[in-house]
>>> print(open('final14.cif').read())   # mmCIF, C-alpha atoms
data_start
loop_
_atom_site.label_atom_id
_atom_site.label_comp_id
_atom_site.auth_asym_id
_atom_site.auth_seq_id
_atom_site.Cartn_x
_atom_site.Cartn_y
_atom_site.Cartn_z
CA MET A 1468 0.00 0.00 0.00
CA GLY A 1469 1.64 3.17 -1.12
CA PRO A 1470 1.65 6.52 0.51
CA GLY A 1471 -1.58 8.44 0.07
CA THR A 1472 -3.61 5.33 -0.38
CA VAL A 1473 -6.64 5.18 1.89
CA ARG A 1474 -6.80 1.91 3.82
CA THR A 1475 -10.34 0.48 3.88
CA GLU A 1476 -11.93 -2.00 6.35
CA SER A 1477 -13.40 -4.16 3.53
CA GLY A 1478 -12.96 -7.97 3.74
CA MET A 1479 -13.01 -10.37 6.61
CA THR A 1480 -10.76 -11.07 9.46
CA LEU A 1481 -9.56 -14.59 9.96
CA LEU A 1482 -11.53 -14.67 13.17
CA GLU A 1483 -14.79 -13.80 11.36
CA VAL A 1484 -14.25 -16.56 8.83
CA MET A 1485 -13.43 -19.11 11.51
CA VAL A 1486 -16.45 -18.21 13.66
CA SER A 1487 -18.76 -18.29 10.62
CA THR A 1488 -17.37 -21.59 9.46
CA GLY A 1489 -17.62 -23.02 12.97
CA ILE A 1490 -21.27 -22.04 13.32
CA MET A 1491 -22.12 -23.48 9.89
CA VAL A 1492 -20.25 -26.73 10.54
CA PHE A 1493 -21.97 -27.06 13.89
CA CYS A 1494 -25.41 -26.41 12.40
CA LEU A 1495 -24.86 -28.65 9.39
CA ALA A 1496 -23.56 -31.47 11.59
CA GLY A 1497 -26.68 -31.18 13.74
CA MET A 1498 -28.86 -31.23 10.68
CA LEU A 1499 -27.10 -34.23 9.21
CA LEU A 1500 -27.63 -36.07 12.47
CA THR A 1501 -31.28 -35.04 12.45
CA TYR A 1502 -31.68 -36.19 8.85
CA SER A 1503 -30.14 -39.54 9.63
CA ASN A 1504 -32.64 -39.89 12.47
CA PHE A 1505 -35.40 -38.92 10.05
CA ILE A 1506 -34.32 -41.74 7.76
CA VAL A 1507 -34.40 -44.20 10.67
CA ALA A 1508 -37.83 -42.89 11.72
CA THR A 1509 -39.10 -43.33 8.17
CA ASP A 1510 -37.73 -46.88 8.15
CA ILE A 1511 -39.49 -47.61 11.42
CA SER A 1512 -42.76 -46.26 10.06
CA ARG A 1513 -42.37 -48.35 6.94
CA ALA A 1514 -41.59 -51.46 8.97
CA PHE A 1515 -44.60 -50.87 11.25
CA THR A 1516 -46.87 -50.41 8.23
CA LEU A 1517 -45.56 -53.61 6.65
CA ALA A 1518 -45.93 -55.45 9.96
CA ASN A 1519 -49.53 -54.29 10.35
CA GLY A 1520 -50.32 -55.39 6.83
CA ALA A 1521 -48.71 -58.78 7.46
CA ALA A 1522 -50.67 -59.27 10.69
CA GLN A 1523 -53.91 -58.40 8.94
CA LYS A 1524 -53.09 -60.71 6.04
CA GLU A 1525 -52.41 -63.59 8.44
CA ILE A 1526 -55.72 -63.06 10.27
CA GLU A 1527 -57.54 -63.08 6.90
CA ARG A 1528 -55.78 -66.32 6.00
CA LEU A 1529 -56.71 -67.93 9.31
CA ARG A 1530 -60.36 -66.98 8.84
CA ILE A 1531 -60.59 -69.21 5.78
CA THR A 1532 -58.54 -71.99 7.34
CA PRO A 1533 -60.52 -75.03 8.55
CA PHE A 1534 -61.34 -74.41 12.21
CA SER A 1535 -59.46 -77.43 13.53
CA ASN A 1536 -56.33 -76.40 11.61
CA ILE A 1537 -56.05 -73.03 13.34
CA THR A 1538 -53.09 -73.64 15.62
CA ASN A 1539 -50.00 -71.92 16.99
CA SER A 1540 -47.30 -71.17 14.44
CA THR A 1541 -44.24 -69.03 13.79
CA PHE A 1542 -43.00 -68.02 10.37
CA ILE A 1543 -40.84 -65.53 8.49
CA VAL A 1544 -42.76 -62.63 6.98
CA PRO A 1545 -41.63 -62.55 3.33
CA GLU A 1546 -42.52 -58.91 2.71
CA MET A 1547 -40.37 -57.93 5.72
CA SER A 1548 -37.23 -59.80 4.77
CA GLY A 1549 -35.26 -56.54 4.94
CA PHE A 1550 -36.29 -56.20 8.58
CA ASN A 1551 -35.94 -59.85 9.64
CA GLY A 1552 -39.70 -59.84 10.20
CA THR A 1553 -41.14 -62.82 12.06
CA ALA A 1554 -44.77 -63.57 12.82
CA GLY A 1555 -46.11 -65.59 15.70
CA VAL A 1556 -49.66 -66.91 15.86
CA THR A 1557 -51.03 -67.77 19.30
CA VAL A 1558 -54.31 -69.67 19.43
CA GLU A 1559 -56.28 -70.29 22.60
CA ASP A 1560 -59.58 -72.03 23.18
CA THR A 1561 -62.32 -69.91 24.68
CA GLU A 1562 -65.17 -70.77 26.99
CA TYR A 1563 -67.17 -71.28 23.80
CA SER A 1564 -66.39 -74.42 21.84
CA TYR A 1565 -67.02 -72.76 18.48
CA LEU A 1566 -64.74 -69.79 19.08
CA LYS A 1567 -60.97 -69.45 19.19
CA TYR A 1568 -58.91 -66.53 20.41
CA VAL A 1569 -56.23 -65.70 17.87
CA LEU A 1570 -53.33 -63.31 18.40
CA VAL A 1571 -50.95 -62.48 15.56
CA ARG A 1572 -47.76 -60.78 16.70
CA ILE A 1573 -44.99 -59.44 14.46
CA TRP A 1574 -41.46 -58.64 15.57
CA PHE A 1575 -38.56 -57.32 13.50
CA ARG A 1576 -35.18 -55.54 13.48
CA ILE A 1577 -34.28 -52.05 12.28
CA ASN A 1578 -30.64 -50.93 12.23
CA ASN A 1579 -29.65 -53.56 14.81
CA ARG A 1580 -32.53 -52.49 17.00
CA GLN A 1581 -34.97 -55.25 17.91
CA ILE A 1582 -38.63 -54.20 17.84
CA GLY A 1583 -40.82 -56.63 19.77
CA SER A 1584 -40.39 -60.31 20.50
CA SER A 1585 -42.42 -63.49 20.59
CA ALA A 1586 -43.65 -62.48 24.04
CA GLN A 1587 -44.72 -58.93 23.25
CA SER A 1588 -44.70 -56.52 20.38
CA PRO A 1589 -46.12 -53.13 19.50
CA VAL A 1590 -47.58 -54.78 16.38
CA GLU A 1591 -50.17 -57.34 17.29
CA VAL A 1592 -53.74 -58.04 16.21
CA ALA A 1593 -56.13 -60.01 18.39
CA THR A 1594 -59.55 -61.32 17.44
CA TYR A 1595 -61.94 -64.23 17.73
CA ILE A 1596 -62.42 -66.66 14.89
CA GLY A 1597 -65.57 -68.75 14.85
CA ASN A 1598 -66.33 -72.13 13.42
CA PHE A 1599 -68.22 -71.50 10.19
CA THR A 1600 -69.93 -74.87 10.29
CA MET B 813 -18.31 -1.90 -1.58
CA ASN B 814 -18.36 -2.78 2.06
CA LYS B 815 -18.53 -6.62 2.54
CA LYS B 816 -17.88 -6.64 6.21
CA GLY B 817 -19.53 -9.67 7.97
CA SER B 818 -21.22 -10.98 4.83
CA VAL B 819 -20.05 -14.58 5.33
CA LEU B 820 -21.64 -14.72 8.77
CA VAL B 821 -24.90 -13.26 7.47
CA PHE B 822 -24.89 -15.58 4.46
CA GLY B 823 -24.12 -18.54 6.72
CA LEU B 824 -26.97 -17.67 9.06
CA ILE B 825 -29.36 -17.35 6.13
CA VAL B 826 -28.34 -20.80 4.88
CA VAL B 827 -28.79 -22.22 8.37
CA LEU B 828 -32.20 -20.54 8.62
CA VAL B 829 -33.33 -21.98 5.28
CA LEU B 830 -32.10 -25.44 6.25
CA SER B 831 -33.83 -25.13 9.63
CA ILE B 832 -37.13 -24.30 7.93
CA LEU B 833 -36.72 -27.29 5.60
CA SER B 834 -35.80 -29.52 8.52
CA SER B 835 -38.80 -28.35 10.52
CA SER B 836 -41.21 -29.23 7.75
CA TYR B 837 -39.52 -32.60 7.31
CA LEU B 838 -39.65 -33.15 11.07
CA ALA B 839 -43.36 -32.38 11.04
CA LYS B 840 -43.82 -34.85 8.20
CA VAL B 841 -41.90 -37.58 10.03
CA ILE B 842 -43.84 -36.98 13.25
CA ASN B 843 -47.12 -37.05 11.32
CA GLN B 844 -46.06 -40.23 9.55
CA GLY B 845 -45.33 -41.85 12.92
CA LEU B 846 -48.71 -40.82 14.27
CA GLN B 847 -50.43 -42.11 11.15
CA THR B 848 -48.60 -45.43 11.47
CA ARG B 849 -49.72 -45.72 15.09
CA ARG B 850 -53.26 -44.78 14.17
CA TYR B 851 -53.26 -47.33 11.36
CA ALA B 852 -52.15 -50.02 13.82
CA ASP B 853 -54.87 -49.03 16.30
CA SER B 854 -57.43 -48.85 13.51
CA THR B 855 -56.49 -52.33 12.28
CA GLN B 856 -56.76 -53.76 15.77
CA ALA B 857 -60.08 -51.95 16.35
CA LEU B 858 -61.55 -53.49 13.20
CA TRP B 859 -60.57 -56.99 14.30
CA LEU B 860 -61.97 -56.37 17.75
CA ALA B 861 -65.26 -55.41 16.11
CA GLU B 862 -65.03 -58.63 14.08
CA ALA B 863 -64.40 -60.55 17.30
CA GLY B 864 -67.67 -59.20 18.65
CA ILE B 865 -69.53 -60.33 15.52
CA HIS B 866 -68.03 -63.80 15.84
CA GLU B 867 -68.80 -64.08 19.52
CA ALA B 868 -72.42 -63.10 18.96
CA ARG B 869 -72.89 -65.27 15.88
CA ASP B 870 -71.16 -68.39 17.03
CA ASN B 871 -72.80 -68.43 20.40
CA ASN B 872 -76.28 -67.95 19.07
CA LEU B 873 -76.88 -64.63 20.77
CA PHE B 874 -79.82 -62.95 19.10
CA TYR B 875 -80.95 -60.34 21.59
CA GLY B 876 -79.40 -57.82 23.93
CA SER B 877 -75.81 -56.75 24.15
CA LEU B 878 -72.30 -57.91 24.94
CA GLY B 879 -69.44 -56.10 26.58
CA PRO B 880 -67.57 -53.95 26.64
CA ASP B 881 -65.13 -56.84 26.91
CA ASP B 882 -61.36 -56.44 26.86
CA LEU B 883 -59.40 -58.25 24.19
CA GLY B 884 -55.83 -57.63 23.05
CA ARG B 885 -54.97 -53.95 23.32
CA GLY B 886 -58.58 -52.77 23.32
CA SER B 887 -62.18 -53.75 23.85
CA TYR B 888 -65.37 -54.44 21.95
CA GLU B 889 -69.06 -54.20 22.55
CA VAL B 890 -71.97 -55.61 20.62
CA GLU B 891 -75.66 -54.93 20.19
CA ILE B 892 -77.94 -57.55 18.73
CA GLY B 893 -81.58 -57.49 17.72
CA GLN B 894 -84.15 -59.05 15.46
CA ILE B 895 -85.15 -57.32 12.23
CA GLY B 896 -88.93 -57.22 12.32
CA MET B 897 -90.35 -60.69 12.85
CA SER B 898 -88.02 -62.32 10.35
CA ASN B 899 -85.28 -64.83 10.92
CA TYR B 900 -82.80 -62.02 10.24
CA TYR B 901 -80.88 -60.31 13.02
CA TYR B 902 -78.55 -57.33 13.09
CA VAL B 903 -75.28 -57.42 14.98
CA VAL B 904 -73.56 -54.07 15.50
CA SER B 905 -70.10 -54.42 16.96
CA THR B 906 -67.66 -51.66 17.90
CA GLY B 907 -63.97 -52.25 18.53
CA THR B 908 -62.01 -49.60 20.38
CA VAL B 909 -58.27 -49.13 20.82
CA GLY B 910 -57.23 -45.95 22.57
CA SER B 911 -59.08 -43.13 20.86
CA VAL B 912 -59.75 -45.12 17.69
CA SER B 913 -63.07 -46.90 17.20
CA ARG B 914 -64.42 -48.87 14.27
CA THR B 915 -67.94 -50.20 13.97
CA VAL B 916 -69.22 -52.96 11.73
CA GLU B 917 -72.77 -54.11 11.19
CA ALA B 918 -73.59 -57.62 10.07
CA VAL B 919 -76.96 -59.09 9.27
CA VAL B 920 -77.19 -62.76 10.14
CA SER B 921 -79.93 -65.21 9.37
CA THR B 922 -80.90 -68.35 11.17
CA ARG B 923 -81.67 -71.48 9.17
CA ASP B 924 -85.17 -71.47 7.77
CA VAL B 925 -86.15 -74.80 9.31
CA ASP B 926 -89.79 -75.71 8.83
CA PRO B 927 -91.54 -78.36 10.96
CA THR B 928 -94.27 -78.71 8.34
CA LYS B 929 -91.75 -80.40 6.03
CA PHE B 930 -92.01 -83.37 8.39
CA LYS B 931 -95.53 -84.31 7.41
CA TYR B 932 -95.51 -87.92 8.54
CA GLY B 933 -94.99 -89.95 11.66
CA LEU B 934 -93.13 -92.45 9.52
CA GLU B 935 -91.67 -91.71 6.10
CA SER B 936 -89.47 -94.06 4.16
CA THR B 937 -87.81 -94.20 0.78
CA VAL B 938 -88.76 -97.89 0.57
CA ASP B 939 -91.90 -99.87 1.30
CA ILE B 940 -93.21 -99.98 4.86
CA ASP B 941 -94.18 -103.27 6.41
CA PHE B 942 -96.30 -103.19 9.60
CA LYS B 943 -96.44 -106.25 11.80
CA GLY B 944 -97.44 -107.04 15.36
CA SER B 945 -99.01 -104.21 17.27
CA ALA B 946 -97.07 -101.41 15.55
CA GLN B 947 -99.07 -98.27 15.04
CA VAL B 948 -98.72 -94.84 13.50
CA TYR B 949 -101.13 -91.99 14.00
CA GLY B 950 -101.36 -88.24 14.47
CA GLU B 951 -103.46 -85.40 15.74
CA ASN B 952 -106.15 -85.85 13.10
CA THR B 953 -106.58 -89.52 13.86
CA PRO B 954 -110.05 -89.94 15.41
CA LEU B 955 -110.10 -90.66 19.13
CA PRO B 956 -110.08 -93.03 20.82
CA ILE B 957 -107.19 -94.57 18.97
CA PRO B 958 -107.69 -98.30 18.69
CA ALA B 959 -104.82 -100.78 18.83
CA LYS B 960 -102.82 -101.31 15.66
CA THR B 961 -103.89 -97.98 14.20
CA ARG B 962 -101.99 -97.33 10.99
CA ASP B 963 -103.43 -94.05 9.80
CA PRO B 964 -102.34 -93.61 6.14
CA GLU B 965 -102.35 -89.84 6.68
CA TYR B 966 -99.33 -90.29 8.92
CA TYR B 967 -97.04 -92.66 7.08
CA LEU B 968 -95.62 -92.56 3.59
CA PRO B 969 -93.74 -95.41 1.93
CA ASN B 970 -91.60 -95.04 -1.22
CA SER B 971 -91.16 -91.35 -0.58
CA THR B 972 -88.39 -89.10 -1.84
CA PHE B 973 -86.87 -86.58 0.50
CA SER B 974 -83.56 -84.91 1.08
CA PHE B 975 -81.73 -84.47 4.35
CA ALA B 976 -80.52 -80.98 3.44
CA ASP B 977 -83.98 -79.87 2.38
CA LEU B 978 -85.60 -81.11 5.57
CA PHE B 979 -83.02 -79.81 8.03
CA CYS B 980 -81.54 -76.86 6.08
CA PHE B 981 -78.16 -78.28 7.07
CA THR B 982 -75.98 -80.76 5.24
CA THR B 983 -75.21 -84.06 6.90
CA ALA B 984 -71.65 -82.85 7.54
CA GLU B 985 -72.89 -79.69 9.23
CA ILE B 986 -75.27 -81.57 11.50
CA LYS B 987 -72.64 -84.15 12.31
CA ALA B 988 -70.23 -81.38 13.26
CA ILE B 989 -72.60 -80.07 15.93
CA SER B 990 -73.77 -83.49 17.15
CA THR B 991 -72.67 -85.77 19.90
CA VAL B 992 -71.22 -88.56 17.80
CA TYR B 993 -71.30 -92.24 18.79
CA THR B 994 -68.95 -94.30 16.65
CA GLY B 995 -69.50 -98.01 16.50
CA SER B 996 -71.52 -98.23 19.70
CA TRP B 997 -75.13 -97.62 20.56
CA PRO B 998 -75.96 -94.88 23.04
CA SER B 999 -77.84 -95.64 26.21
CA GLY B 1000 -79.75 -93.68 28.82
CA ASP B 1001 -80.69 -90.06 28.13
CA ILE B 1002 -79.77 -88.88 24.64
CA SER B 1003 -81.41 -85.47 24.55
CA GLY B 1004 -80.00 -82.97 22.06
CA ILE B 1005 -78.45 -83.68 18.69
CA ASN B 1006 -76.98 -87.16 18.47
CA TRP B 1007 -75.32 -88.86 15.53
CA VAL B 1008 -74.79 -92.60 15.74
CA ILE B 1009 -72.51 -94.41 13.34
CA ALA B 1010 -74.26 -97.71 13.68
CA PRO B 1011 -72.40 -100.81 14.71
CA SER B 1012 -73.31 -104.03 12.96
CA SER B 1013 -75.17 -105.31 16.01
CA ASN B 1014 -78.83 -104.73 16.76
CA PHE B 1015 -79.77 -101.96 19.12
CA ASN B 1016 -80.91 -103.84 22.19
CA GLY B 1017 -80.34 -101.18 24.82
CA ASN B 1018 -82.62 -98.63 26.38
CA VAL B 1019 -82.67 -94.96 25.44
CA THR B 1020 -84.88 -92.04 26.31
CA GLY B 1021 -84.64 -88.44 25.28
CA SER B 1022 -85.68 -85.70 22.94
CA GLY B 1023 -84.23 -83.76 20.04
CA ILE B 1024 -82.69 -85.17 16.90
CA LEU B 1025 -81.26 -88.65 16.56
CA ILE B 1026 -79.51 -89.54 13.34
CA VAL B 1027 -78.36 -93.06 12.67
CA GLU B 1028 -75.79 -93.55 9.95
CA GLY B 1029 -76.20 -97.21 9.05
CA ASP B 1030 -78.86 -99.78 9.75
CA LEU B 1031 -81.03 -99.40 12.81
CA ARG B 1032 -82.50 -102.67 13.99
CA VAL B 1033 -84.22 -102.07 17.29
CA THR B 1034 -84.71 -104.94 19.65
CA GLY B 1035 -84.44 -102.81 22.79
CA THR B 1036 -86.48 -99.85 23.99
CA ILE B 1037 -86.70 -96.33 22.59
CA ASP B 1038 -88.71 -93.59 24.25
CA PHE B 1039 -88.04 -90.46 22.21
CA ASP B 1040 -89.62 -87.08 21.39
CA GLY B 1041 -88.42 -85.41 18.21
CA ILE B 1042 -86.94 -86.59 14.94
CA ILE B 1043 -85.24 -89.92 14.24
CA TYR B 1044 -83.53 -89.99 10.86
CA VAL B 1045 -82.00 -93.27 9.68
CA ILE B 1046 -79.58 -93.26 6.78
CA GLY B 1047 -79.96 -96.97 6.18
CA GLU B 1048 -82.33 -99.82 6.82
CA LEU B 1049 -84.88 -99.42 9.61
CA ARG B 1050 -86.38 -102.33 11.52
CA MET B 1051 -88.18 -101.84 14.79
CA ALA B 1052 -88.93 -105.02 16.66
CA GLY B 1053 -88.59 -103.95 20.27
CA THR B 1054 -90.52 -101.36 22.20
CA ALA B 1055 -90.70 -97.88 20.76
CA ASN B 1056 -92.67 -94.92 21.94
CA ILE B 1057 -91.93 -92.03 19.61
CA GLN B 1058 -93.60 -88.65 19.37
CA GLY B 1059 -92.49 -86.64 16.38
CA SER B 1060 -91.30 -88.12 13.12
CA VAL B 1061 -89.24 -91.10 11.97
CA LEU B 1062 -87.59 -91.04 8.55
CA ALA B 1063 -85.72 -93.85 6.86
CA GLU B 1064 -83.53 -93.01 3.89
CA SER B 1065 -82.52 -96.42 2.66
CA ALA B 1066 -80.57 -97.26 -0.44
CA ALA B 1067 -81.42 -100.92 0.07
CA THR B 1068 -84.57 -102.55 -1.24
CA VAL B 1069 -85.33 -104.02 2.17
CA ASP B 1070 -88.64 -102.78 3.52
CA THR B 1071 -88.85 -100.53 6.52
CA THR B 1072 -90.33 -102.88 9.06
CA LEU B 1073 -92.27 -102.05 12.22
CA THR B 1074 -93.21 -104.83 14.52
CA GLY B 1075 -93.28 -105.48 18.24
CA THR B 1076 -94.71 -102.74 20.46
CA CYS B 1077 -93.99 -99.80 18.25
CA ASP B 1078 -95.99 -96.63 18.76
CA ILE B 1079 -95.27 -93.61 16.58
CA GLU B 1080 -97.35 -90.48 17.07
CA HIS B 1081 -96.77 -87.67 14.60
CA SER B 1082 -96.43 -84.39 16.49
CA TYR B 1083 -95.56 -81.01 15.00
CA GLU B 1084 -94.96 -79.70 18.49
CA LYS B 1085 -92.25 -82.26 19.19
CA ILE B 1086 -90.78 -81.79 15.71
CA ALA B 1087 -90.66 -78.01 16.17
CA SER B 1088 -88.97 -78.38 19.56
CA ALA B 1089 -86.35 -80.65 18.00
CA LEU B 1090 -85.72 -78.26 15.13
CA ASP B 1091 -85.38 -75.33 17.52
CA ILE B 1092 -82.17 -76.95 18.73
CA ILE B 1093 -80.56 -76.51 15.33
CA LYS B 1094 -82.44 -73.46 14.09
CA TYR B 1095 -80.19 -71.04 15.92
CA ARG B 1096 -76.99 -72.97 15.34
CA SER B 1097 -74.45 -71.50 12.94
CA PRO B 1098 -76.40 -68.51 11.69
CA GLN B 1099 -75.11 -67.22 8.38
CA ILE B 1100 -73.81 -63.71 7.73
CA VAL B 1101 -75.81 -62.37 4.80
CA SER B 1102 -74.45 -58.83 4.77
CA TRP B 1103 -71.58 -56.92 6.32
CA LYS B 1104 -70.67 -53.26 6.25
CA GLU B 1105 -68.52 -50.85 8.18
CA LEU B 1106 -70.40 -47.93 9.65
CA PRO B 1107 -68.90 -44.43 9.48
CA GLU B 1108 -67.46 -43.02 12.69
CA GLY B 1109 -69.81 -41.08 14.90
#
>>> encode(input="final14.cif", output="C-alpha cells")
Amino acid sequence: MGPGTVRTESGMTLLEVMVSTGIMVFCLAGMLLTYSNFIVATDISRAFTLANGAAQKEIERLRITPFSNITNSTFIVPEMSGFNGTAGVTVEDTEYSYLKYVLVRIWFRINNRQIGSSAQSPVEVATYIGNFT
Amino acid sequence: MNKKGSVLVFGLIVVLVLSILSSSYLAKVINQGLQTRRYADSTQALWLAEAGIHEARDNNLFYGSLGPDDLGRGSYEVEIGQIGMSNYYYVVSTGTVGSVSRTVEAVVSTRDVDPTKFKYGLESTVDIDFKGSAQVYGENTPLPIPAKTRDPEYYLPNSTFSFADLFCFTTAEIKAISTVYTGSWPSGDISGINWVIAPSSNFNGNVTGSGILIVEGDLRVTGTIDFDGIIYVIGELRMAGTANIQGSVLAESAATVDTTLTGTCDIEHSYEKIASALDIIKYRSPQIVSWKELPEG
C-alpha cells in the first residue's frame, strides 16, 4: 500500500471466517444427524406399516382356514425380509367351543434395533375366529 | 463496496433456510409416525369389532348386548336385535383401541327350518311293512285310537326326500354339531343332537330323550326307545322292540329291504315335538348375509 492510499476495512478477518465456518459446521452437523434420524424414523414407520399389513393378512388367511387347523405357528414374513420380520400366531380355546382366540404378533429388526419379540410386540392383532360350520 | 460480515450473514441465512426445511420434514416424520400408530390401532379396532360379531354369531346370541369386553390392546361391545319378525338379526359391533373406534354391522340369518316339512310320523324311501301291534297316527286320527292304528295320513312309503332340504343343514354340518357315537349304541338319556354311526349289532339297549337322533347305518331295534323329536335313519330301519316315539321317523334307505315295524312300536306324529327338536338346530351357525362398516360417529 503506497503513501496516500486510503486503507479500507473491507474484507473479513480470519476470526470472522473461523467463527462463521464453525457455526455453519456445527449447524450442518446437527442437521445431518437429524436427517439420519429422520431416515431411521421413516424406516421404522415403513416397517410398522408392513408389519400391520402382514398381521392383517395372516388373520384373513386364518379366517378361511378349517377351524381345527387353526393352531400356533411361527414363520418368516416374506414382505419384511429386509427387517428380519417374524410372525407368531397364538391360538387359545375360549369358553365357547365354536370360538378361538387368535393373536398375531410381528417382531422385527431395524438398524440392529430389535422391535418386539415373541412375548410382546407393538404390532399385534387379536380377534376371535368362529367355526363357520 | 463494504462486505464486512457478509459470510456470517450468508451462513446464518443458509442455516435458517435449512432449519425451515428440517422443521417441515420433522413435522412430516412426526405425522407419519402418528399415522402409522393410528393405522395399527385402527387395524386392531376393526378386528376387535369382528371378534364381537363372531362371539355373537357363534354363540347364538340374538338379543341384547355384549361387553364392553377387553381383548388384546382394546375392547369391543356388541348390540344384537331381530329385524322385524323375520329370521334375520342385526349385529352391531364396535372395537375400540385408545381413541380409535371402528364399527361394523352384520346381518345374520338363522336357518329357515320348517316343521311342516315333516308331514308324517313315519316316512321311508322304501316300502313300509307293519307287523305285530305297531301303530302310527297323528293329531287328526279320530279318538279313541284303537290298537294297531296305521293311519295312512301319517305314514308314507316309497317317498323321496332330502336331508338338506328337511333340516336346512348338510349331513356334515349336522354331524359337526352333534354328539357322535362311533360303532356303539348310546344308552340312557340322549337329549340334544346325536349322531350314531351304527355298529353291525342290533340296538338292544334302552334310550330315552328328545331332540334329533340320526343313525348312519342300519337301525335294527330290539331294545327300547322312548323319544320325542326326529329320528332320521340313513340306512335300513327295523323296529322289533318297544318304541314310543312322538315326532317323526324317517328312513332313507338305499337298500330294497322294507322298513319294518313290529313289536310294540308306537309312533305319534307331532308337529310340536318336531318343532322343539328343530329349535335346537335353528339357531346354530347362523349365516352372515351382509356386512358393512359404519362411518365413525
>>> closest_residue(input="final14.cif", among="B:Gln1099, B:Thr961, B:Thr972, B:Gln947", to="Asp1078 (chain B)", atoms="all atoms listed in the file")
B:Gln947
>>> resolve_selection(input="final14.cif", expression="the PyMOL selection byres ((chain A) within 10 of (chain B))", output="PyMOL selection string")
chain A and resi 1475-1480+1483-1488+1490-1492+1494-1495+1498-1499+1501-1502+1504-1506+1508-1509+1511-1520+1522-1523+1526+1563-1570+1589-1600
>>> atom_distance(input="final14.cif", atom1="CA of Glu1080 (chain B)", atom2="CA of Tyr932 (chain B)")
9.1 Å
>>> atom_distance(input="final14.cif", atom1="CA of Thr1532 (chain A)", atom2="CA of Glu1546 (chain A)")
21.2 Å
>>> resolve_selection(input="final14.cif", expression="the PyMOL selection byres ((chain B and resi 894) around 12)", output="list in words")
Leu873, Phe874, Tyr875, Gly876, Glu891, Ile892, Gly893, Ile895, Gly896, Met897, Ser898, Asn899, Tyr900, Tyr901, Tyr902, Val903, Val904, Ala918, Val919, Val920, Ser921 and Thr922 of chain B
>>> resolve_selection(input="final14.cif", expression="the PyMOL selection byres ((chain B and resi 1035-1052) around 7)", output="NGL selection string")
:B and (1015-1034 or 1053-1067 or 1069 or 1071-1075 or 1085-1086 or 1089)
>>> atom_distance(input="final14.cif", atom1="CA of Pro1011 (chain B)", atom2="CA of Pro969 (chain B)")
25.5 Å
>>> residues_around(input="final14.cif", residues="Ser1584 (chain A)", least_positions_apart="4", cutoff="9 Å", atoms="only C-alpha atoms", output="PyMOL selection string")
chain A and resi 1553+1572-1575+1588
>>> build_atoms(input="final14.cif", residues="region 1595-1599 of chain A", atoms="all heavy atoms", output="PDB file, in the frame of the given file")
ATOM      1  N   TYR A1595     -61.359 -62.904  17.614  1.00  0.00           N
ATOM      2  CA  TYR A1595     -61.940 -64.230  17.730  1.00  0.00           C
ATOM      3  C   TYR A1595     -62.235 -64.751  16.333  1.00  0.00           C
ATOM      4  O   TYR A1595     -62.644 -63.981  15.455  1.00  0.00           O
ATOM      5  CB  TYR A1595     -63.269 -64.189  18.501  1.00  0.00           C
ATOM      6  CG  TYR A1595     -63.144 -63.977  19.984  1.00  0.00           C
ATOM      7  CD1 TYR A1595     -63.973 -63.072  20.637  1.00  0.00           C
ATOM      8  CD2 TYR A1595     -62.225 -64.701  20.724  1.00  0.00           C
ATOM      9  CE1 TYR A1595     -63.883 -62.874  22.010  1.00  0.00           C
ATOM     10  CE2 TYR A1595     -62.130 -64.504  22.107  1.00  0.00           C
ATOM     11  CZ  TYR A1595     -62.960 -63.592  22.736  1.00  0.00           C
ATOM     12  OH  TYR A1595     -62.866 -63.386  24.082  1.00  0.00           O
ATOM     13  N   ILE A1596     -62.025 -66.019  16.144  1.00  0.00           N
ATOM     14  CA  ILE A1596     -62.420 -66.660  14.890  1.00  0.00           C
ATOM     15  C   ILE A1596     -63.395 -67.761  15.239  1.00  0.00           C
ATOM     16  O   ILE A1596     -63.131 -68.585  16.123  1.00  0.00           O
ATOM     17  CB  ILE A1596     -61.206 -67.192  14.117  1.00  0.00           C
ATOM     18  CG1 ILE A1596     -60.336 -66.012  13.656  1.00  0.00           C
ATOM     19  CG2 ILE A1596     -61.659 -68.019  12.908  1.00  0.00           C
ATOM     20  CD1 ILE A1596     -59.115 -66.396  12.844  1.00  0.00           C
ATOM     21  N   GLY A1597     -64.536 -67.769  14.549  1.00  0.00           N
ATOM     22  CA  GLY A1597     -65.570 -68.750  14.850  1.00  0.00           C
ATOM     23  C   GLY A1597     -65.564 -69.905  13.866  1.00  0.00           C
ATOM     24  O   GLY A1597     -65.008 -69.810  12.778  1.00  0.00           O
ATOM     25  N   ASN A1598     -66.187 -70.984  14.285  1.00  0.00           N
ATOM     26  CA  ASN A1598     -66.330 -72.130  13.420  1.00  0.00           C
ATOM     27  C   ASN A1598     -67.494 -71.863  12.452  1.00  0.00           C
ATOM     28  O   ASN A1598     -68.612 -71.622  12.895  1.00  0.00           O
ATOM     29  CB  ASN A1598     -66.631 -73.381  14.264  1.00  0.00           C
ATOM     30  CG  ASN A1598     -66.559 -74.636  13.451  1.00  0.00           C
ATOM     31  OD1 ASN A1598     -66.537 -74.585  12.226  1.00  0.00           O
ATOM     32  ND2 ASN A1598     -66.534 -75.757  14.111  1.00  0.00           N
ATOM     33  N   PHE A1599     -67.201 -71.870  11.171  1.00  0.00           N
ATOM     34  CA  PHE A1599     -68.220 -71.500  10.190  1.00  0.00           C
ATOM     35  C   PHE A1599     -69.242 -72.594   9.951  1.00  0.00           C
ATOM     36  O   PHE A1599     -70.211 -72.393   9.271  1.00  0.00           O
ATOM     37  CB  PHE A1599     -67.567 -71.120   8.858  1.00  0.00           C
ATOM     38  CG  PHE A1599     -67.060 -69.723   8.858  1.00  0.00           C
ATOM     39  CD1 PHE A1599     -65.902 -69.402   9.514  1.00  0.00           C
ATOM     40  CD2 PHE A1599     -67.761 -68.716   8.232  1.00  0.00           C
ATOM     41  CE1 PHE A1599     -65.433 -68.105   9.542  1.00  0.00           C
ATOM     42  CE2 PHE A1599     -67.310 -67.415   8.261  1.00  0.00           C
ATOM     43  CZ  PHE A1599     -66.131 -67.107   8.906  1.00  0.00           C
TER      44      PHE A1599
END
